[in-house]
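Undergrad: This is the structure, below, for whatever I ask next.
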Amino acid sequence: MDAAAVTHVSHVVVNTTDSMDSLVKSIEIAGALIGAGAGVAGAGAGVGAIGQGMCEASARQPELINMIRTQFFLAAAIIEGFTFLLLVLAMIVLIRNGGL
């Protein structure tokens, strides 16, 4: 075998504990961001669906608009409250992992 055809492969030894910790933190940060985005999108879709129902209900029975409006704002406030809780939890994960 020709000496020029032989290639030498150098092995690099890395500290696997540090690289695994870094990988786990990156995955946790990505999960927090993806979860927060999906939660906010779901909340937006939920409030939109409630708004659509409110418009349809008020068109069918305009005399009940005050009751319908009250129920809409109550449901929207509950959805937004859970969305805010989701964002706080995502921020906790991000801050804990040094993502911010």
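In the structure tokens, chains take the letters A, B, ... in the order shown, each chain's residues start at 1, and ligands count up from 1 in the order shown.
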Neighbours of stretch 69-78 of chain A within 8 Å (only C-alpha atoms; same-chain residues fewer than 3 positions away dropped), as a ChimeraX atom specification?
TA: /A:47,50-51,54,65-66,81-82
Undergrad: Could you write out, as a count of residues only, all the residues of chain A that DSSP marks as alpha helix (DSSP H)?
TA: 77
Undergrad: Which residue is closest to A:Leu94? Choose from A:Ala32, A:Val24, A:Ser58, A:Thr17 and count only C-alpha atoms.
TA: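 The shortest atom-to-atom distance to A:Leu94 comes from A:Ala32.
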Undergrad: What gap, in Å, lies between atom CA of A:Leu85 and atom CA of A:Ile27?
TA: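 Going from atom CA of A:Leu85 over to atom CA of A:Ile27, I get 21.1 Å.
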Undergrad: Which neighbours of A:Gly35 fall inside 12 Å, counting only C-alpha atoms, when residues of the same chain fewer than 2 positions from it are skipped, and could you give them as a VMD selection string?
TA: chain A and resid 27 to 33 37 to 42 83 86 to 91 93 to 94
Undergrad: How many Å separate atom CA of A:Asn97 from atom CA of A:Glu80?
TA: 25.7 Å
Undergrad: Nearest to A:Ala43: which of A:Gly98, A:Phe84, A:Ile92, A:Glu56 is it, counting only C-alpha atoms?
TA: A:Phe84
Undergrad: What is the atom CA of A:Gly53-atom CA of A:Met67 distance in Å, reported with one decimal?
TA: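 So the two atoms, atom CA of A:Gly53 and atom CA of A:Met67, lie 13.1 Å apart.
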